$ cat query-v3.cif   # mmCIF, C-alpha atoms and all ligand atoms
data_model
loop_
_atom_site.group_PDB
_atom_site.id
_atom_site.type_symbol
_atom_site.label_atom_id
_atom_site.label_comp_id
_atom_site.auth_asym_id
_atom_site.auth_seq_id
_atom_site.Cartn_x
_atom_site.Cartn_y
_atom_site.Cartn_z
ATOM 1 C CA MET A 15 104.992 74.088 -7.863
ATOM 2 C CA LEU A 16 104.789 74.233 -4.124
ATOM 3 C CA ASN A 17 101.690 76.290 -4.381
ATOM 4 C CA PHE A 18 100.176 73.835 -6.762
ATOM 5 C CA CYS A 19 100.911 70.909 -4.423
ATOM 6 C CA LEU A 20 99.416 72.681 -1.486
ATOM 7 C CA GLU A 21 96.346 73.436 -3.473
ATOM 8 C CA MET A 22 96.040 69.875 -4.690
ATOM 9 C CA ASN A 23 96.499 68.628 -1.184
ATOM 10 C CA LEU A 24 93.817 70.892 0.175
ATOM 11 C CA HIS A 25 91.543 69.977 -2.648
ATOM 12 C CA LEU A 26 92.029 66.259 -2.085
ATOM 13 C CA ARG A 27 91.496 66.578 1.618
ATOM 14 C CA ALA A 28 88.302 68.469 1.051
ATOM 15 C CA CYS A 29 87.058 65.765 -1.310
ATOM 16 C CA CYS A 30 87.852 62.937 1.071
ATOM 17 C CA ALA A 31 86.247 64.718 3.962
ATOM 18 C CA LYS A 32 83.104 65.137 1.979
ATOM 19 C CA ALA A 33 83.023 61.513 0.873
ATOM 20 C CA SER A 34 83.419 60.143 4.368
ATOM 21 C CA GLY A 35 81.294 62.823 5.967
ATOM 22 C CA SER A 36 83.900 63.462 8.623
ATOM 23 C CA SER A 37 84.649 67.083 7.836
ATOM 24 C CA GLY A 38 83.071 68.227 11.062
ATOM 25 C CA VAL A 39 80.107 69.557 9.159
ATOM 26 C CA PRO A 40 76.896 68.133 10.593
ATOM 27 C CA MET A 41 75.402 65.486 8.364
ATOM 28 C CA PHE A 42 71.838 66.161 7.381
ATOM 29 C CA ILE A 43 69.796 63.243 6.134
ATOM 30 C CA GLN A 44 67.450 64.813 3.675
ATOM 31 C CA ILE A 45 64.195 63.343 2.410
ATOM 32 C CA GLN A 46 64.769 64.677 -1.111
ATOM 33 C CA GLN A 47 68.062 62.800 -1.254
ATOM 34 C CA LEU A 48 66.555 59.627 0.162
ATOM 35 C CA GLU A 49 63.905 59.730 -2.561
ATOM 36 C CA VAL A 50 66.729 59.165 -5.035
ATOM 37 C CA HIS A 51 68.788 56.587 -3.149
ATOM 38 C CA PRO A 52 69.629 55.383 0.359
ATOM 39 C CA ILE A 53 72.396 57.269 2.133
ATOM 40 C CA ASP A 54 75.280 55.283 3.567
ATOM 41 C CA PHE A 55 77.285 56.942 6.252
ATOM 42 C CA ASP A 56 80.691 56.267 7.719
ATOM 43 C CA GLU A 57 81.423 58.974 10.233
ATOM 44 C CA LYS A 58 84.386 59.641 12.440
ATOM 45 C CA LEU A 59 83.562 62.324 14.937
ATOM 46 C CA ASP A 60 86.062 64.056 17.178
ATOM 47 C CA PRO A 61 85.259 64.737 20.823
ATOM 48 C CA GLY A 62 83.207 67.900 21.067
ATOM 49 C CA GLN A 63 81.425 67.546 17.743
ATOM 50 C CA ILE A 64 78.420 66.174 19.578
ATOM 51 C CA ASP A 65 77.487 67.653 22.925
ATOM 52 C CA PHE A 66 76.637 64.830 25.323
ATOM 53 C CA GLY A 67 76.141 67.086 28.322
ATOM 54 C CA ALA A 68 78.394 67.865 31.252
ATOM 55 C CA GLU A 69 78.403 64.372 32.734
ATOM 56 C CA LEU A 70 79.645 62.444 29.734
ATOM 57 C CA GLN A 71 82.942 63.107 27.976
ATOM 58 C CA GLN A 72 83.813 61.497 24.699
ATOM 59 C CA THR A 73 87.459 60.417 24.580
ATOM 60 C CA GLY A 74 88.811 59.571 21.144
ATOM 61 C CA ASP A 75 86.854 59.213 17.942
ATOM 62 C CA LEU A 76 83.258 58.218 17.704
ATOM 63 C CA ARG A 77 82.779 55.883 14.763
ATOM 64 C CA ALA A 78 79.356 55.464 13.245
ATOM 65 C CA THR A 79 78.487 53.454 10.160
ATOM 66 C CA GLY A 80 75.165 52.605 8.688
ATOM 67 C CA ARG A 81 72.449 53.461 6.240
ATOM 68 C CA ALA A 82 69.483 55.772 6.050
ATOM 69 C CA GLN A 83 66.659 54.904 3.715
ATOM 70 C CA LEU A 84 63.182 55.979 2.866
ATOM 71 C CA ILE A 85 60.235 53.797 3.757
ATOM 72 C CA GLU A 86 57.001 54.892 2.186
ATOM 73 C CA GLU A 87 53.702 54.002 3.768
ATOM 74 C CA HIS A 88 50.757 54.209 1.454
ATOM 75 C CA HIS A 89 47.491 55.087 3.072
ATOM 76 C CA GLY A 90 44.798 54.849 0.430
ATOM 77 C CA LYS A 91 45.364 56.419 -2.936
ATOM 78 C CA HIS A 92 46.515 59.846 -2.001
ATOM 79 C CA LEU A 93 48.327 59.761 1.280
ATOM 80 C CA THR A 94 51.928 58.636 1.411
ATOM 81 C CA ILE A 95 53.856 58.913 4.645
ATOM 82 C CA GLN A 96 57.611 59.082 4.283
ATOM 83 C CA ASP A 97 59.412 57.378 7.127
ATOM 84 C CA ILE A 98 63.170 57.388 7.510
ATOM 85 C CA ARG A 99 64.817 54.205 8.672
ATOM 86 C CA VAL A 100 68.285 54.615 10.139
ATOM 87 C CA ASN A 101 70.239 51.525 11.036
ATOM 88 C CA GLY A 102 73.850 50.988 11.841
ATOM 89 C CA GLU A 103 76.295 50.847 14.689
ATOM 90 C CA LEU A 104 78.454 53.176 16.677
ATOM 91 C CA ALA A 105 81.515 52.767 18.825
ATOM 92 C CA ALA A 106 83.223 55.225 21.128
ATOM 93 C CA THR A 107 84.861 55.566 24.494
ATOM 94 C CA PHE A 108 83.511 57.875 27.139
ATOM 95 C CA GLN A 109 84.496 59.095 30.531
ATOM 96 C CA MET A 110 82.119 59.632 33.380
ATOM 97 C CA ALA A 111 82.512 60.199 37.099
ATOM 98 C CA CYS A 112 82.440 57.242 39.478
ATOM 99 C CA ALA A 113 79.160 57.447 41.377
ATOM 100 C CA ARG A 114 80.995 56.906 44.671
ATOM 101 C CA CYS A 115 84.393 58.612 44.477
ATOM 102 C CA LEU A 116 83.946 60.902 41.423
ATOM 103 C CA GLU A 117 87.137 59.652 39.767
ATOM 104 C CA ALA A 118 86.910 59.331 35.987
ATOM 105 C CA VAL A 119 85.674 55.961 34.784
ATOM 106 C CA SER A 120 86.198 54.876 31.201
ATOM 107 C CA GLN A 121 83.216 53.383 29.414
ATOM 108 C CA LYS A 122 83.622 51.579 26.121
ATOM 109 C CA LEU A 123 80.488 51.669 24.089
ATOM 110 C CA ALA A 124 79.516 49.578 21.083
ATOM 111 C CA HIS A 125 75.910 49.909 20.120
ATOM 112 C CA LYS A 126 73.726 48.786 17.236
ATOM 113 C CA PHE A 127 70.581 50.609 16.301
ATOM 114 C CA ASP A 128 67.636 50.242 13.948
ATOM 115 C CA LEU A 129 65.313 53.186 14.146
ATOM 116 C CA LEU A 130 62.270 54.462 12.404
ATOM 117 C CA TYR A 131 61.575 58.165 12.183
ATOM 118 C CA ARG A 132 58.092 59.222 11.194
ATOM 119 C CA PRO A 133 57.090 62.721 10.138
ATOM 120 C CA LEU A 134 56.053 64.743 13.155
ATOM 121 C CA GLY A 135 52.281 64.707 13.335
ATOM 122 C CA ALA A 136 51.844 61.540 11.262
ATOM 123 C CA ASP A 137 50.478 59.668 14.260
ATOM 124 C CA ALA A 138 48.561 62.569 15.747
ATOM 125 C CA GLY A 139 45.039 61.650 16.730
ATOM 126 C CA LYS A 140 45.475 57.997 15.887
ATOM 127 C CA GLU A 141 44.139 55.564 18.434
ATOM 128 C CA GLU A 142 46.658 52.895 17.760
ATOM 129 C CA LEU A 143 49.816 52.434 15.785
ATOM 130 C CA SER A 144 50.318 49.552 13.440
ATOM 131 C CA VAL A 145 52.068 46.521 14.880
ATOM 132 C CA THR A 146 55.285 47.289 13.036
ATOM 133 C CA ALA A 147 55.269 50.813 14.404
ATOM 134 C CA VAL A 148 54.931 49.579 17.971
ATOM 135 C CA GLU A 149 57.644 46.965 17.609
ATOM 136 C CA ALA A 150 60.260 49.211 16.099
ATOM 137 C CA GLU A 151 61.789 52.091 17.964
ATOM 138 C CA ILE A 152 59.811 55.071 16.747
ATOM 139 C CA SER A 153 60.873 58.668 16.799
ATOM 140 C CA TYR A 154 59.767 61.664 14.806
ATOM 141 C CA TYR A 155 61.422 64.057 12.443
ATOM 142 C CA GLU A 156 60.404 67.557 11.640
ATOM 143 C CA GLY A 157 60.669 69.327 8.311
ATOM 144 C CA ASP A 158 62.611 67.724 5.487
ATOM 145 C CA GLY A 159 64.942 65.426 7.326
ATOM 146 C CA LEU A 160 67.058 64.829 10.381
ATOM 147 C CA LEU A 161 70.578 65.393 11.608
ATOM 148 C CA LEU A 162 72.659 62.258 11.953
ATOM 149 C CA GLU A 163 74.387 63.874 14.935
ATOM 150 C CA ASP A 164 71.044 64.063 16.753
ATOM 151 C CA VAL A 165 70.426 60.384 16.076
ATOM 152 C CA LEU A 166 73.860 59.457 17.402
ATOM 153 C CA ARG A 167 73.558 61.646 20.501
ATOM 154 C CA GLU A 168 70.271 60.008 21.411
ATOM 155 C CA GLN A 169 71.641 56.515 20.858
ATOM 156 C CA VAL A 170 74.712 57.167 22.989
ATOM 157 C CA LEU A 171 72.647 58.604 25.831
ATOM 158 C CA LEU A 172 70.353 55.574 25.698
ATOM 159 C CA ALA A 173 73.227 53.124 25.670
ATOM 160 C CA VAL A 174 75.526 54.439 28.401
ATOM 161 C CA PRO A 175 74.781 53.246 31.920
ATOM 162 C CA LEU A 176 73.225 55.844 34.210
ATOM 163 C CA LYS A 177 75.802 55.161 36.878
ATOM 164 C CA ALA A 178 79.298 53.835 36.774
ATOM 165 C CA ILE A 179 81.645 52.829 39.566
ATOM 166 C CA CYS A 180 85.397 52.728 39.187
ATOM 167 C CA ARG A 181 85.635 49.299 40.799
ATOM 168 C CA GLU A 182 83.366 46.924 42.680
ATOM 169 C CA ASP A 183 84.904 47.741 46.063
ATOM 170 C CA CYS A 184 85.237 51.486 45.603
ATOM 171 C CA LYS A 185 85.190 52.970 49.092
ATOM 172 C CA GLY A 186 83.911 56.339 47.932
ATOM 173 C CA LEU A 187 84.418 59.650 49.648
ATOM 174 C CA CYS A 188 84.413 60.217 53.379
ATOM 175 C CA PRO A 189 81.097 61.861 54.191
ATOM 176 C CA HIS A 190 82.830 64.107 56.745
ATOM 177 C CA CYS A 191 86.024 65.383 55.116
ATOM 178 C CA GLY A 192 85.386 64.436 51.476
ATOM 179 C CA LYS A 193 88.675 62.555 51.067
ATOM 180 C CA ASN A 194 88.828 59.756 48.540
ATOM 181 C CA LEU A 195 89.021 56.683 50.768
ATOM 182 C CA ASN A 196 90.507 54.578 47.966
ATOM 183 C CA LEU A 197 93.625 56.719 48.080
ATOM 184 C CA THR A 198 93.957 57.655 51.685
ATOM 185 C CA GLN A 199 92.608 56.962 55.110
ATOM 186 C CA CYS A 200 91.219 59.923 56.933
ATOM 187 C CA SER A 201 91.187 60.458 60.649
ATOM 188 C CA CYS A 202 87.498 61.171 60.891
ATOM 189 C CA GLU A 203 85.756 59.297 63.687
ATOM 190 C CA GLU A 204 83.046 56.821 62.951
ATOM 191 C CA PRO A 205 79.741 58.667 62.781
ATOM 192 C CA LEU A 206 79.115 60.209 66.182
ATOM 193 C CA GLU A 207 76.386 58.580 68.136
ATOM 194 C CA ASP A 208 73.329 60.633 68.838
ATOM 195 C CA PRO A 209 73.370 61.410 72.583
ATOM 196 C CA ARG A 210 69.683 60.492 72.858
ATOM 197 C CA TRP A 211 70.509 56.944 71.756
ATOM 198 C CA SER A 212 73.301 56.715 74.297
ATOM 199 C CA ALA A 213 70.821 57.674 77.001
ATOM 200 C CA LEU A 214 68.443 54.965 75.894
ATOM 201 C CA LYS A 215 71.257 52.444 75.843
ATOM 202 C CA GLU A 216 72.123 53.332 79.373
ATOM 203 C CA ILE A 217 68.560 52.825 80.560
ATOM 204 C CA ARG A 218 68.420 49.536 78.735
ATOM 205 C CA SER A 219 71.614 48.223 80.243
ATOM 206 C CA LYS A 220 70.263 49.154 83.680
ATOM 207 C CA LEU A 221 67.033 47.307 83.023
ATOM 208 C CA GLU A 222 68.920 44.250 81.860
ATOM 209 C CA GLN A 223 70.965 44.052 85.022
HETATM 210 ZN ZN ZN B 301 85.081 55.085 42.715
HETATM 211 ZN ZN ZN B 302 87.138 61.857 56.639
#
$ encode --input "query-v3.cif" --output "structure tokens"
Amino acid sequence: MLNFCLEMNLHLRACCAKASGSSGVPMFIQIQQLEVHPIDFDEKLDPGQIDFGAELQQTGDLRATGRAQLIEEHHGKHLTIQDIRVNGELAATFQMACARCLEAVSQKLAHKFDLLYRPLGADAGKEELSVTAVEAEISYYEGDGLLLEDVLREQVLLAVPLKAICREDCKGLCPHCGKNLNLTQCSCEEPLEDPRWSALKEIRSKLEQ
């Protein structure tokens, strides 16, 4: 009986994970699937499932919900271009270093996106894109689809500020000893004056006498 329960439990968990797409398995948005129906996603990604680079740390879940659908462009009788539209929103909290004192700064991110992915090469050699193509945010996909994780990574990196400071009046680090001046005062002198300037000052004060 215990065995049976465990098995059922595992089975159920596996099913739920699959339905919500949060099993940790990368979610691939496939053209063949989109040809049948749009794909709705509701993802909950743990820190580490998407690599945002060394400077940005995800803290807590990243939630992403939205829909991927196929948009077919007909060019004449025979050419059909299959674009993928991905729209939705994401929310997550990140940590990055304060640009002045390097202490961790928390950044809450909530971001909406509406993107159009065209097949790589679809616009090659074209002089101009259609108005809709220029207005929307255009990217390209290669092969038979795209990874949702790649979409989300790009959107996060676009949405986070390049620099963050821990607080408006952050005093930063002492340029001489490297101490965090928000936490402690150091005994470093004010920047030493260049002796050549002191000499000039002396001459000047003599002239002014
Ligand atoms: Zn700071
Ligand atoms: Zn110092």
$ resolve_selection --input "query-v3.cif" --expression "the PyMOL selection byres (((chain A and resi 86) around 12) and not hetatm)" --output "list in words"
Ile45, Leu48, Glu49, Gln83, Leu84, Ile85, Glu87, His88, His89, Leu93, Thr94, Ile95, Gln96, Asp97, Ile98, Arg99, Leu130, Tyr131, Arg132 and Pro133 of chain A
$ residues_around --input "query-v3.cif" --residues "region 63-66 of chain A" --least-positions-apart "4" --cutoff "7 Å" --atoms "all atoms listed in the file" --output "JSON, numbers by chain"
{"A": [38, 59, 70, 163, 167]}
$ residues_near_ligand --input "query-v3.cif" --ligand "ligand ZN 301 (chain B)" --cutoff "10 Å" --atoms "all atoms listed in the file" --output "list in words"
Ala111, Cys112, Ala113, Arg114, Cys115, Leu116, Glu117, Ala118, Val119, Ala178, Ile179, Cys180, Arg181, Glu182, Asp183, Cys184, Lys185, Gly186, Leu187, Asn194, Leu195 and Asn196 of chain A
$ resolve_selection --input "query-v3.cif" --expression "the PyMOL selection byres (((not hetatm)) within 7 of (chain B and resi 302))" --output "list in words"
Cys188, Pro189, His190, Cys191, Gly192, Lys193, Cys200, Ser201 and Cys202 of chain A
$ resolve_selection --input "query-v3.cif" --expression "the PyMOL selection byres (((chain A and resi 129) around 12) and not hetatm)" --output "ChimeraX atom specification"
/A:80-85,97-103,126-128,130-132,146-155,162,165-166,168-169
$ closest_residue --input "query-v3.cif" --among "A:Ser212, A:Gln199, A:Ser219, A:Gln121" --to "Gly74 (chain A)" --atoms "all atoms listed in the file"
A:Gln121
$ residues_around --input "query-v3.cif" --residues "Arg77 (chain A)" --least-positions-apart "3" --cutoff "10 Å" --atoms "all atoms listed in the file" --output "MDAnalysis selection string"
chainID A and resid 36 56:60 74 103:107 124 166
$ residues_around --input "query-v3.cif" --residues "Val174 (chain A)" --least-positions-apart "6" --cutoff "9 Å" --atoms "only C-alpha atoms" --output "PyMOL selection string"
chain A and resi 108+121-123
$ atom_distance --input "query-v3.cif" --atom1 "CA of Asp137 (chain A)" --atom2 "CA of Lys91 (chain A)"
18.2 Å
$ atom_distance --input "query-v3.cif" --atom1 "CA of Met41 (chain A)" --atom2 "CA of Ala173 (chain A)"
21.4 Å
$ residues_around --input "query-v3.cif" --residues "Leu160 (chain A)" --least-positions-apart "6" --cutoff "7 Å" --atoms "only C-alpha atoms" --output "ChimeraX atom specification"
/A:42-44
$ build_atoms --input "query-v3.cif" --residues "region 116-127 of chain A" --atoms "all heavy atoms" --output "PDB file, in the frame of the given file"
ATOM      1  N   LEU A 116      83.852  59.830  42.421  1.00  0.00           N
ATOM      2  CA  LEU A 116      83.946  60.902  41.423  1.00  0.00           C
ATOM      3  C   LEU A 116      85.180  60.843  40.535  1.00  0.00           C
ATOM      4  O   LEU A 116      85.367  61.713  39.688  1.00  0.00           O
ATOM      5  CB  LEU A 116      83.849  62.296  42.081  1.00  0.00           C
ATOM      6  CG  LEU A 116      82.631  62.538  42.975  1.00  0.00           C
ATOM      7  CD1 LEU A 116      82.687  63.944  43.582  1.00  0.00           C
ATOM      8  CD2 LEU A 116      81.331  62.339  42.216  1.00  0.00           C
ATOM      9  N   GLU A 117      86.009  59.817  40.695  1.00  0.00           N
ATOM     10  CA  GLU A 117      87.137  59.652  39.767  1.00  0.00           C
ATOM     11  C   GLU A 117      86.592  59.280  38.385  1.00  0.00           C
ATOM     12  O   GLU A 117      85.517  58.709  38.270  1.00  0.00           O
ATOM     13  CB  GLU A 117      88.067  58.534  40.253  1.00  0.00           C
ATOM     14  CG  GLU A 117      88.927  58.903  41.448  1.00  0.00           C
ATOM     15  CD  GLU A 117      89.928  60.013  41.151  1.00  0.00           C
ATOM     16  OE1 GLU A 117      90.643  59.914  40.153  1.00  0.00           O
ATOM     17  OE2 GLU A 117      89.965  60.983  41.933  1.00  0.00           O
ATOM     18  N   ALA A 118      87.350  59.619  37.348  1.00  0.00           N
ATOM     19  CA  ALA A 118      86.910  59.331  35.987  1.00  0.00           C
ATOM     20  C   ALA A 118      86.886  57.825  35.736  1.00  0.00           C
ATOM     21  O   ALA A 118      87.819  57.114  36.094  1.00  0.00           O
ATOM     22  CB  ALA A 118      87.819  60.015  34.989  1.00  0.00           C
ATOM     23  N   VAL A 119      85.806  57.360  35.145  1.00  0.00           N
ATOM     24  CA  VAL A 119      85.674  55.961  34.784  1.00  0.00           C
ATOM     25  C   VAL A 119      85.530  55.901  33.270  1.00  0.00           C
ATOM     26  O   VAL A 119      84.758  56.658  32.681  1.00  0.00           O
ATOM     27  CB  VAL A 119      84.418  55.338  35.419  1.00  0.00           C
ATOM     28  CG1 VAL A 119      84.339  53.857  35.104  1.00  0.00           C
ATOM     29  CG2 VAL A 119      84.386  55.570  36.907  1.00  0.00           C
ATOM     30  N   SER A 120      86.275  55.007  32.651  1.00  0.00           N
ATOM     31  CA  SER A 120      86.198  54.876  31.201  1.00  0.00           C
ATOM     32  C   SER A 120      85.104  53.875  30.830  1.00  0.00           C
ATOM     33  O   SER A 120      84.999  52.815  31.445  1.00  0.00           O
ATOM     34  CB  SER A 120      87.553  54.415  30.683  1.00  0.00           C
ATOM     35  OG  SER A 120      87.587  54.539  29.291  1.00  0.00           O
ATOM     36  N   GLN A 121      84.307  54.252  29.862  1.00  0.00           N
ATOM     37  CA  GLN A 121      83.216  53.383  29.414  1.00  0.00           C
ATOM     38  C   GLN A 121      83.346  53.153  27.927  1.00  0.00           C
ATOM     39  O   GLN A 121      83.265  54.099  27.151  1.00  0.00           O
ATOM     40  CB  GLN A 121      81.856  54.062  29.666  1.00  0.00           C
ATOM     41  CG  GLN A 121      81.472  54.200  31.115  1.00  0.00           C
ATOM     42  CD  GLN A 121      80.883  52.917  31.661  1.00  0.00           C
ATOM     43  OE1 GLN A 121      80.359  52.091  30.907  1.00  0.00           O
ATOM     44  NE2 GLN A 121      80.970  52.747  32.967  1.00  0.00           N
ATOM     45  N   LYS A 122      83.547  51.900  27.542  1.00  0.00           N
ATOM     46  CA  LYS A 122      83.622  51.579  26.121  1.00  0.00           C
ATOM     47  C   LYS A 122      82.218  51.240  25.646  1.00  0.00           C
ATOM     48  O   LYS A 122      81.521  50.458  26.287  1.00  0.00           O
ATOM     49  CB  LYS A 122      84.546  50.385  25.918  1.00  0.00           C
ATOM     50  CG  LYS A 122      85.668  50.708  24.971  1.00  0.00           C
ATOM     51  CD  LYS A 122      86.482  49.502  24.631  1.00  0.00           C
ATOM     52  CE  LYS A 122      87.426  49.913  23.514  1.00  0.00           C
ATOM     53  NZ  LYS A 122      88.687  49.276  23.583  1.00  0.00           N
ATOM     54  N   LEU A 123      81.855  51.854  24.555  1.00  0.00           N
ATOM     55  CA  LEU A 123      80.488  51.669  24.089  1.00  0.00           C
ATOM     56  C   LEU A 123      80.493  51.132  22.662  1.00  0.00           C
ATOM     57  O   LEU A 123      81.170  51.663  21.791  1.00  0.00           O
ATOM     58  CB  LEU A 123      79.781  53.020  24.129  1.00  0.00           C
ATOM     59  CG  LEU A 123      78.272  53.010  24.056  1.00  0.00           C
ATOM     60  CD1 LEU A 123      77.710  52.464  25.352  1.00  0.00           C
ATOM     61  CD2 LEU A 123      77.756  54.416  23.820  1.00  0.00           C
ATOM     62  N   ALA A 124      79.747  50.062  22.445  1.00  0.00           N
ATOM     63  CA  ALA A 124      79.516  49.578  21.083  1.00  0.00           C
ATOM     64  C   ALA A 124      78.025  49.284  21.012  1.00  0.00           C
ATOM     65  O   ALA A 124      77.498  48.532  21.824  1.00  0.00           O
ATOM     66  CB  ALA A 124      80.327  48.324  20.805  1.00  0.00           C
ATOM     67  N   HIS A 125      77.364  49.916  20.084  1.00  0.00           N
ATOM     68  CA  HIS A 125      75.910  49.909  20.120  1.00  0.00           C
ATOM     69  C   HIS A 125      75.343  49.811  18.710  1.00  0.00           C
ATOM     70  O   HIS A 125      75.769  50.535  17.818  1.00  0.00           O
ATOM     71  CB  HIS A 125      75.448  51.204  20.804  1.00  0.00           C
ATOM     72  CG  HIS A 125      73.969  51.358  20.905  1.00  0.00           C
ATOM     73  ND1 HIS A 125      73.182  50.510  21.643  1.00  0.00           N
ATOM     74  CD2 HIS A 125      73.126  52.269  20.363  1.00  0.00           C
ATOM     75  CE1 HIS A 125      71.915  50.897  21.538  1.00  0.00           C
ATOM     76  NE2 HIS A 125      71.859  51.961  20.773  1.00  0.00           N
ATOM     77  N   LYS A 126      74.397  48.906  18.533  1.00  0.00           N
ATOM     78  CA  LYS A 126      73.726  48.786  17.236  1.00  0.00           C
ATOM     79  C   LYS A 126      72.349  49.421  17.340  1.00  0.00           C
ATOM     80  O   LYS A 126      71.722  49.369  18.407  1.00  0.00           O
ATOM     81  CB  LYS A 126      73.571  47.308  16.868  1.00  0.00           C
ATOM     82  CG  LYS A 126      74.857  46.714  16.393  1.00  0.00           C
ATOM     83  CD  LYS A 126      74.649  45.325  15.798  1.00  0.00           C
ATOM     84  CE  LYS A 126      75.975  44.824  15.271  1.00  0.00           C
ATOM     85  NZ  LYS A 126      76.044  43.411  15.101  1.00  0.00           N
ATOM     86  N   PHE A 127      71.915  49.994  16.256  1.00  0.00           N
ATOM     87  CA  PHE A 127      70.581  50.609  16.301  1.00  0.00           C
ATOM     88  C   PHE A 127      69.831  50.398  14.994  1.00  0.00           C
ATOM     89  O   PHE A 127      70.428  50.217  13.926  1.00  0.00           O
ATOM     90  CB  PHE A 127      70.686  52.104  16.633  1.00  0.00           C
ATOM     91  CG  PHE A 127      71.680  52.863  15.788  1.00  0.00           C
ATOM     92  CD1 PHE A 127      71.289  53.418  14.579  1.00  0.00           C
ATOM     93  CD2 PHE A 127      72.998  53.000  16.200  1.00  0.00           C
ATOM     94  CE1 PHE A 127      72.197  54.108  13.794  1.00  0.00           C
ATOM     95  CE2 PHE A 127      73.916  53.699  15.406  1.00  0.00           C
ATOM     96  CZ  PHE A 127      73.509  54.252  14.209  1.00  0.00           C
TER      97      PHE A 127
END
